[in-house]
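Listing of query_38.txt, compact mmCIF, C-alpha atoms
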# COMPACT_ATOMS: atom_id res chain seq x y z
CA MET A 15 -24.89 -16.15 28.67
CA ALA A 16 -24.73 -14.59 25.27
CA ASN A 17 -28.34 -15.44 24.73
CA ARG A 18 -29.37 -13.64 27.87
CA GLN A 19 -27.46 -10.54 26.90
CA GLN A 20 -29.04 -10.72 23.52
CA LYS A 21 -32.46 -10.60 25.17
CA GLN A 22 -31.37 -7.66 27.27
CA VAL A 23 -30.17 -5.81 24.24
CA LYS A 24 -33.41 -6.59 22.48
CA GLN A 25 -35.44 -5.24 25.36
CA GLN A 26 -33.40 -2.11 25.58
CA GLY A 27 -33.70 -1.76 21.84
CA GLN A 28 -37.45 -1.94 22.11
CA SER A 29 -37.58 0.55 24.94
CA GLY A 30 -35.42 2.82 22.82
CA GLN A 31 -37.76 2.47 19.88
CA SER A 32 -40.87 3.07 21.94
CA GLY A 33 -39.70 6.64 22.44
CA GLN A 34 -41.00 9.43 20.26
CA THR A 35 -38.09 9.47 17.83
CA LYS A 36 -37.94 6.85 15.13
CA LYS A 37 -34.16 6.80 15.07
CA PRO A 38 -32.56 4.33 17.48
CA SER A 39 -31.41 6.11 20.61
CA LYS A 40 -27.75 6.49 21.41
CA GLU A 41 -28.02 3.89 24.12
CA THR A 42 -29.40 1.33 21.73
CA THR A 43 -26.61 1.79 19.22
CA LYS A 44 -24.09 1.61 22.03
CA ASN A 45 -25.54 -1.64 23.30
CA TYR A 46 -25.67 -3.01 19.80
CA GLU A 47 -22.01 -2.17 19.25
CA GLN A 48 -21.09 -4.00 22.42
CA TYR A 49 -23.22 -6.93 21.33
CA VAL A 50 -21.51 -7.09 17.96
CA LYS A 51 -18.11 -6.79 19.55
CA GLN A 52 -18.67 -10.03 21.45
CA PHE A 53 -18.94 -12.01 18.26
CA THR A 54 -16.37 -10.34 16.01
CA PRO A 55 -13.23 -12.44 16.15
CA LYS A 56 -10.33 -10.53 17.61
CA PRO A 57 -7.35 -10.35 15.23
CA LYS A 58 -4.36 -12.32 16.44
CA TYR A 59 -2.16 -9.27 16.83
CA PHE A 60 1.09 -11.02 17.62
CA LEU A 61 0.89 -13.77 15.02
CA ASN A 62 -0.23 -11.34 12.30
CA SER A 63 2.62 -8.99 13.12
CA ILE A 64 5.22 -11.76 12.96
CA LYS A 65 3.89 -12.97 9.62
CA ALA A 66 3.87 -9.46 8.17
CA PHE A 67 7.39 -8.79 9.47
CA VAL A 68 8.89 -11.98 8.07
CA VAL A 69 7.17 -11.91 4.68
CA GLY A 70 7.82 -8.18 4.21
CA GLY A 71 11.44 -8.64 5.20
CA LEU A 72 11.87 -11.57 2.83
CA ILE A 73 10.43 -9.59 -0.09
CA CYS A 74 12.86 -6.74 0.59
CA SER A 75 15.81 -9.15 0.90
CA CYS A 76 14.88 -10.84 -2.39
CA ALA A 77 14.63 -7.42 -4.01
CA LEU A 78 18.13 -6.58 -2.76
CA TYR A 79 19.43 -9.89 -4.09
CA ILE A 80 17.98 -9.21 -7.55
CA GLN A 81 19.37 -5.67 -7.47
CA ASN A 82 22.86 -6.91 -6.58
CA MET A 83 22.67 -9.48 -9.35
CA LEU A 84 21.69 -6.82 -11.89
CA MET A 85 24.47 -4.53 -10.67
CA ASP A 86 26.98 -7.37 -11.14
CA LYS A 87 25.92 -7.43 -14.78
CA GLY A 88 26.98 -3.81 -15.16
CA LEU A 89 23.88 -1.73 -14.49
CA ASN A 90 24.26 1.33 -12.29
CA GLU A 91 22.44 1.44 -8.96
CA LYS A 92 19.60 3.69 -10.09
CA ASP A 93 18.72 1.60 -13.16
CA ALA A 94 19.00 -1.63 -11.20
CA GLY A 95 16.58 -0.24 -8.61
CA ALA A 96 14.11 0.69 -11.35
CA TYR A 97 14.36 -2.79 -12.86
CA VAL A 98 13.74 -4.38 -9.46
CA THR A 99 10.61 -2.25 -9.02
CA VAL A 100 9.35 -3.22 -12.47
CA ILE A 101 10.05 -6.92 -11.84
CA LEU A 102 8.24 -6.88 -8.49
CA ILE A 103 5.25 -5.04 -9.95
CA CYS A 104 4.91 -7.42 -12.91
CA LEU A 105 5.28 -10.47 -10.65
CA ALA A 106 2.64 -9.23 -8.22
CA GLN A 107 0.23 -8.41 -11.04
CA LEU A 108 0.71 -11.82 -12.62
CA LEU A 109 0.07 -13.51 -9.26
CA THR A 110 -3.06 -11.38 -8.85
CA GLY A 111 -4.25 -12.48 -12.27
CA ILE A 112 -3.73 -16.16 -11.46
CA GLY A 113 -5.49 -15.68 -8.14
CA VAL A 114 -2.57 -16.60 -5.89
CA PHE A 115 -2.10 -13.11 -4.46
CA ASP A 116 -5.42 -13.30 -2.60
CA SER A 117 -4.27 -16.26 -0.53
CA LEU A 118 -0.86 -14.63 -0.03
CA GLY A 119 -2.58 -11.49 1.22
CA LYS A 120 -4.74 -13.49 3.60
CA PHE A 121 -1.65 -15.16 5.05
CA ALA A 122 0.78 -12.27 5.27
CA GLY A 123 -1.50 -9.22 5.51
CA ALA A 124 0.57 -6.06 5.41
CA GLY A 125 3.65 -8.15 4.56
CA VAL A 126 2.61 -8.16 0.90
CA ILE A 127 0.41 -5.05 0.92
CA VAL A 128 2.94 -2.49 2.15
CA PRO A 129 5.73 -3.37 -0.31
CA ILE A 130 5.24 -2.14 -3.89
CA THR A 131 3.56 -5.50 -4.62
CA GLY A 132 0.45 -4.30 -2.78
CA PHE A 133 0.27 -1.22 -5.00
CA ALA A 134 0.48 -3.44 -8.10
CA ASN A 135 -2.19 -5.77 -6.72
CA SER A 136 -4.50 -2.87 -5.90
CA MET A 137 -4.48 -1.87 -9.58
CA VAL A 138 -5.20 -5.25 -11.15
CA ALA A 139 -7.66 -6.70 -8.62
CA PRO A 140 -10.52 -4.18 -9.14
CA ALA A 141 -9.76 -4.02 -12.88
CA ILE A 142 -10.34 -7.77 -13.28
CA GLU A 143 -13.40 -7.61 -11.05
CA TYR A 144 -15.10 -4.98 -13.22
CA LYS A 145 -14.12 -6.47 -16.56
CA LYS A 146 -17.78 -6.93 -17.52
CA GLU A 147 -18.29 -3.16 -17.63
CA GLY A 148 -16.12 -2.88 -20.69
CA LEU A 149 -12.53 -2.29 -21.67
CA VAL A 150 -12.62 1.48 -21.19
CA LEU A 151 -14.92 2.28 -18.28
CA GLY A 152 -14.51 -1.15 -16.69
CA VAL A 153 -10.88 -2.20 -16.84
CA GLY A 154 -9.45 1.17 -17.80
CA ALA A 155 -11.17 3.15 -15.06
CA LYS A 156 -11.02 0.60 -12.26
CA LEU A 157 -7.29 0.17 -12.76
CA PHE A 158 -7.05 3.46 -10.89
CA SER A 159 -9.77 3.09 -8.30
CA ILE A 160 -7.21 2.53 -5.52
CA ALA A 161 -3.96 3.42 -7.26
CA GLY A 162 -5.45 6.74 -8.38
CA PRO A 163 -5.74 8.27 -4.90
CA VAL A 164 -2.27 6.97 -4.03
CA LEU A 165 -0.75 8.59 -7.11
CA VAL A 166 -2.73 11.81 -6.67
CA CYS A 167 -1.75 12.26 -3.02
CA GLY A 168 1.84 11.18 -3.59
CA ILE A 169 2.44 13.38 -6.63
CA THR A 170 0.73 16.39 -5.04
CA THR A 171 2.84 16.14 -1.90
CA ALA A 172 5.99 15.61 -3.96
CA ALA A 173 5.20 18.68 -6.08
CA ILE A 174 4.68 20.76 -2.92
CA VAL A 175 7.93 19.45 -1.43
CA GLY A 176 9.70 20.28 -4.70
CA MET A 177 8.27 23.82 -4.72
CA ILE A 178 9.27 24.44 -1.11
CA ALA A 179 12.77 23.11 -1.73
CA TYR A 180 13.05 25.32 -4.81
CA PHE A 181 12.08 28.51 -3.02
CA ILE A 182 14.07 27.81 0.14
CA LYS A 183 17.27 27.20 -1.79
CA MET B 16 25.06 -7.65 6.35
CA ASP B 17 23.15 -5.62 3.77
CA TYR B 18 20.58 -8.37 3.57
CA LEU B 19 20.05 -8.31 7.33
CA TYR B 20 19.38 -4.57 7.32
CA ALA B 21 17.08 -4.91 4.31
CA PHE B 22 15.19 -7.67 6.12
CA LEU B 23 14.91 -5.77 9.40
CA ILE B 24 13.94 -2.36 8.00
CA GLY B 25 11.64 -3.76 5.30
CA GLY B 26 10.01 -6.08 7.80
CA GLY B 27 9.70 -3.25 10.30
CA ILE B 28 7.84 -1.01 7.85
CA CYS B 29 5.45 -3.88 7.05
CA LEU B 30 5.02 -4.46 10.78
CA ILE B 31 3.86 -0.86 11.21
CA GLY B 32 1.37 -1.42 8.40
CA GLN B 33 0.06 -4.59 10.02
CA ILE B 34 -0.40 -2.86 13.36
CA LEU B 35 -2.27 -0.02 11.63
CA MET B 36 -4.50 -2.58 9.90
CA ASP B 37 -5.29 -4.52 13.07
CA THR B 38 -5.71 -1.78 15.64
CA THR B 39 -7.37 1.00 13.64
CA LYS B 40 -10.35 1.03 11.31
CA LEU B 41 -8.29 2.43 8.42
CA THR B 42 -9.10 0.79 5.10
CA ILE B 43 -6.31 -0.52 2.89
CA PRO B 44 -6.40 2.33 0.32
CA ARG B 45 -6.03 4.83 3.16
CA ILE B 46 -3.06 2.93 4.55
CA LEU B 47 -1.41 2.93 1.11
CA VAL B 48 -1.96 6.70 0.82
CA ILE B 49 -0.63 7.32 4.34
CA PHE B 50 2.54 5.34 3.61
CA VAL B 51 3.30 7.07 0.32
CA VAL B 52 2.60 10.57 1.66
CA SER B 53 4.63 9.96 4.82
CA GLY B 54 7.49 8.70 2.62
CA VAL B 55 7.37 11.96 0.64
CA ILE B 56 7.26 14.14 3.75
CA LEU B 57 10.01 12.24 5.56
CA THR B 58 12.22 12.55 2.48
CA GLY B 59 11.44 16.26 2.28
CA LEU B 60 12.61 16.63 5.86
CA GLY B 61 15.72 14.60 5.08
CA LEU B 62 14.85 11.78 7.46
CA TYR B 63 14.30 8.96 4.97
CA GLU B 64 17.57 9.21 3.04
CA PRO B 65 19.72 7.73 5.86
CA LEU B 66 17.33 4.77 6.04
CA VAL B 67 17.75 4.16 2.29
CA ASN B 68 21.53 4.34 2.59
CA LEU B 69 21.43 1.81 5.41
CA ALA B 70 18.87 -0.70 4.17
CA LYS B 71 18.77 -0.08 0.38
CA SER B 72 15.93 -2.29 -0.93
CA GLY B 73 14.60 -2.63 2.59
CA ALA B 74 13.61 1.03 2.45
CA THR B 75 12.93 1.52 -1.28
CA VAL B 76 10.68 -1.51 -1.93
CA PRO B 77 7.96 -0.72 0.68
CA LEU B 78 5.54 2.05 -0.28
CA PRO B 79 7.35 4.85 1.61
CA GLY B 80 10.14 4.10 -0.88
CA PHE B 81 7.77 5.09 -3.68
CA GLY B 82 7.22 8.36 -1.87
CA TYR B 83 10.98 8.62 -1.42
CA SER B 84 11.70 8.42 -5.14
CA LEU B 85 8.91 10.94 -5.84
CA ALA B 86 10.32 13.47 -3.38
CA LYS B 87 13.94 12.71 -4.32
CA GLY B 88 13.22 13.45 -7.98
CA ALA B 89 11.51 16.71 -7.11
CA MET B 90 14.29 17.83 -4.77
CA ASP B 91 17.07 16.85 -7.16
CA GLY B 92 15.24 18.80 -9.86
CA THR B 93 15.44 22.05 -7.90
CA GLU B 94 19.01 22.48 -9.15
CA ASP B 95 17.80 22.63 -12.75
CA GLY B 96 15.07 25.17 -12.16
CA PHE B 97 11.37 25.40 -11.43
CA LEU B 98 10.10 23.07 -14.15
CA ALA B 99 12.49 20.30 -13.21
CA ALA B 100 11.39 20.61 -9.58
CA LEU B 101 7.79 20.22 -10.71
CA SER B 102 8.33 17.25 -13.02
CA GLY B 103 11.21 15.53 -11.25
CA GLY B 104 9.02 13.38 -9.01
CA ILE B 105 7.05 11.84 -11.86
CA LYS B 106 10.16 11.45 -13.99
CA ASN B 107 11.88 9.47 -11.24
CA THR B 108 8.99 7.05 -10.81
CA ALA B 109 7.95 6.93 -14.47
CA ALA B 110 9.37 3.45 -15.11
CA GLY B 111 7.47 1.86 -12.25
CA VAL B 112 4.19 3.64 -12.97
CA ALA B 113 4.36 2.92 -16.71
CA ALA B 114 5.09 -0.76 -16.08
CA ALA B 115 2.28 -0.98 -13.52
CA VAL B 116 -0.27 0.63 -15.84
CA ALA B 117 0.71 -1.17 -19.05
CA PHE B 118 1.32 -4.62 -17.61
CA GLY B 119 -1.65 -4.27 -15.25
CA TYR B 120 -3.98 -3.52 -18.15
CA ILE B 121 -2.69 -6.51 -20.11
CA VAL B 122 -3.02 -8.84 -17.11
CA ALA B 123 -6.55 -7.60 -16.44
CA LEU B 124 -7.45 -8.28 -20.08
CA ILE B 125 -6.04 -11.80 -20.07
CA PHE B 126 -7.36 -13.15 -16.78
CA SER B 127 -10.97 -13.43 -15.69
CA PRO B 128 -12.27 -12.93 -12.14
CA LYS B 129 -11.90 -15.87 -9.79
CA SER B 130 -14.73 -16.89 -7.54
CA LYS B 131 -13.80 -16.37 -3.91
CA ARG B 132 -13.20 -19.47 -1.87

Write out the structure in this file as structure tokens.
Amino acid sequence: MANRQQKQVKQQGQSGQSGQTKKPSKETTKNYEQYVKQFTPKPKYFLNSIKAFVVGGLICSCALYIQNMLMDKGLNEKDAGAYVTVILICLAQLLTGIGVFDSLGKFAGAGVIVPITGFANSMVAPAIEYKKEGLVLGVGAKLFSIAGPVLVCGITTAAIVGMIAYFIK
Amino acid sequence: MDYLYAFLIGGGICLIGQILMDTTKLTIPRILVIFVVSGVILTGLGLYEPLVNLAKSGATVPLPGFGYSLAKGAMDGTEDGFLAALSGGIKNTAAGVAAAVAFGYIVALIFSPKSKR
């Protein structure tokens, strides 16, 4: 069945190419997209969502547990929250360095990417990958290849929000 | 009870991320940016603060929480004048960013790339 359709697509592709233009016609690309679609595995929406929900929820609950523990030791809420963030970031970066985070990410998807752990991972992963390019332009620059845009967009929006709040007041 | 809310809200935010990843062609960096920016905007509109009060870590640990502390710092700073409003966001997140940069650099120096299985 798939083979037959492949032939069809091929034929249509040829007829498309035999036209005057060298670029593949719209019809050809459309057919090709359909053809590719048949073979790309569909993501298991439900299972992925459950995994992301549970893992993400667990990370947040653990974070709350650590925060409560720190607050019991006499830290105020703001400082405890900052410590929790730092702990999570360091943990995620360490796991990325060891190579465990990759498998975690494959299993939980957004469950580990959306919490702050994903931000930490996105800094270290490209930095390690480009280590060969040197300590400045390799590690130093690639540390920000994904985190950079996040920081730029976040800080810009925050500055605008701050300005608006200042002038409205 | 706090833990339940943290679990539900934190899990829910991750669930939104997973759905975005599966159903749209957005790449991961774009999703990270969308989450942080939406966190900032929601905080600016005053919609994210109730969520933080309810779920605590459940709302501050996911990336919109990063946007929340950015916007919170900027908005708290407005009481101390223009400069504080400008710098408040970065000041509020300085600990996290500094830790991420410094520790990230050290980790990247120590470990070497792993071949993908």

For this session: Write out as a PyMOL selection string the residues lying within 12 Å of segment 146-152 of chain A, counting only C-alpha atoms and excluding same-chain residues fewer than 6 positions away.
Result: (chain A and resi 138-140+158-159) or (chain B and resi 120-121+123-125+127-128)

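Comparing the minimum interatomic distances between Ile127 of chain A and each of A:Gly168, A:Gly154, A:Gly70, A:Gly88, counting all atoms listed in the file, we find that A:Gly70 sits nearest.
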
Problem set entry | Nearest residue to Thr75 of chain B from the set A:Gln48, A:Asn90, A:Ser39, A:Thr99 (distances using only C-alpha atoms) | A:Thr99

For this session: Find the spatial neighbours of segment 97-108 of chain B, counting only C-alpha atoms, within a cut-off of 8 Å - ignore same-chain residues fewer than 5 positions away - and output them as a list in words.
Result: Ile169, Ala172, Ala173, Gly176, Met177 and Tyr180 of chain A; Phe81, Ser84, Leu85, Ala86, Lys87, Gly88, Ala89, Met90, Asp91 and Gly92 of chain B

Leu61 of chain A surroundings by only C-alpha atoms, 12 Å radius, close-in-sequence under 3 positions cut, as a PDB file with C-alpha atoms, keeping the file's coordinate frame:
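Ended up saving to around-v5.pdb:
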ATOM      1  CA  LYS A  56     -10.330 -10.530  17.610  1.00  0.00           C
ATOM      2  CA  PRO A  57      -7.350 -10.350  15.230  1.00  0.00           C
ATOM      3  CA  LYS A  58      -4.360 -12.320  16.440  1.00  0.00           C
ATOM      4  CA  ILE A  64       5.220 -11.760  12.960  1.00  0.00           C
ATOM      5  CA  LYS A  65       3.890 -12.970   9.620  1.00  0.00           C
ATOM      6  CA  ALA A  66       3.870  -9.460   8.170  1.00  0.00           C
ATOM      7  CA  PHE A  67       7.390  -8.790   9.470  1.00  0.00           C
ATOM      8  CA  VAL A  68       8.890 -11.980   8.070  1.00  0.00           C
ATOM      9  CA  PHE A 121      -1.650 -15.160   5.050  1.00  0.00           C
ATOM     10  CA  ALA A 122       0.780 -12.270   5.270  1.00  0.00           C
ATOM     11  CA  GLY A 123      -1.500  -9.220   5.510  1.00  0.00           C
TER      12      GLY A 123
ATOM     13  CA  LEU B  30       5.020  -4.460  10.780  1.00  0.00           C
ATOM     14  CA  GLN B  33       0.060  -4.590  10.020  1.00  0.00           C
ATOM     15  CA  ILE B  34      -0.400  -2.860  13.360  1.00  0.00           C
ATOM     16  CA  ASP B  37      -5.290  -4.520  13.070  1.00  0.00           C
TER      17      ASP B  37
END

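Coordinates place atom CA of Ser75 of chain A at a distance of 13.9 Å from atom CA of Thr131 of chain A.
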
Exercise. Of the candidates A:Gly71, A:Pro38, A:Pro129, A:Gly95, which shows the shortest atom-to-atom distance to Gly26 of chain B, using all atoms listed in the file?
Worked result: A:Gly71

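Each of A:Val175, A:Met137, A:Ala94, A:Ala106 was compared to Ile80 of chain A using only C-alpha atoms, and A:Ala94 turns out to be the nearest.
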
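With only C-alpha atoms as the atoms that count, the minimum distance from chain B to the choices A:Thr43, A:Thr110, A:Ser63, A:Thr54 is reached by A:Ser63.
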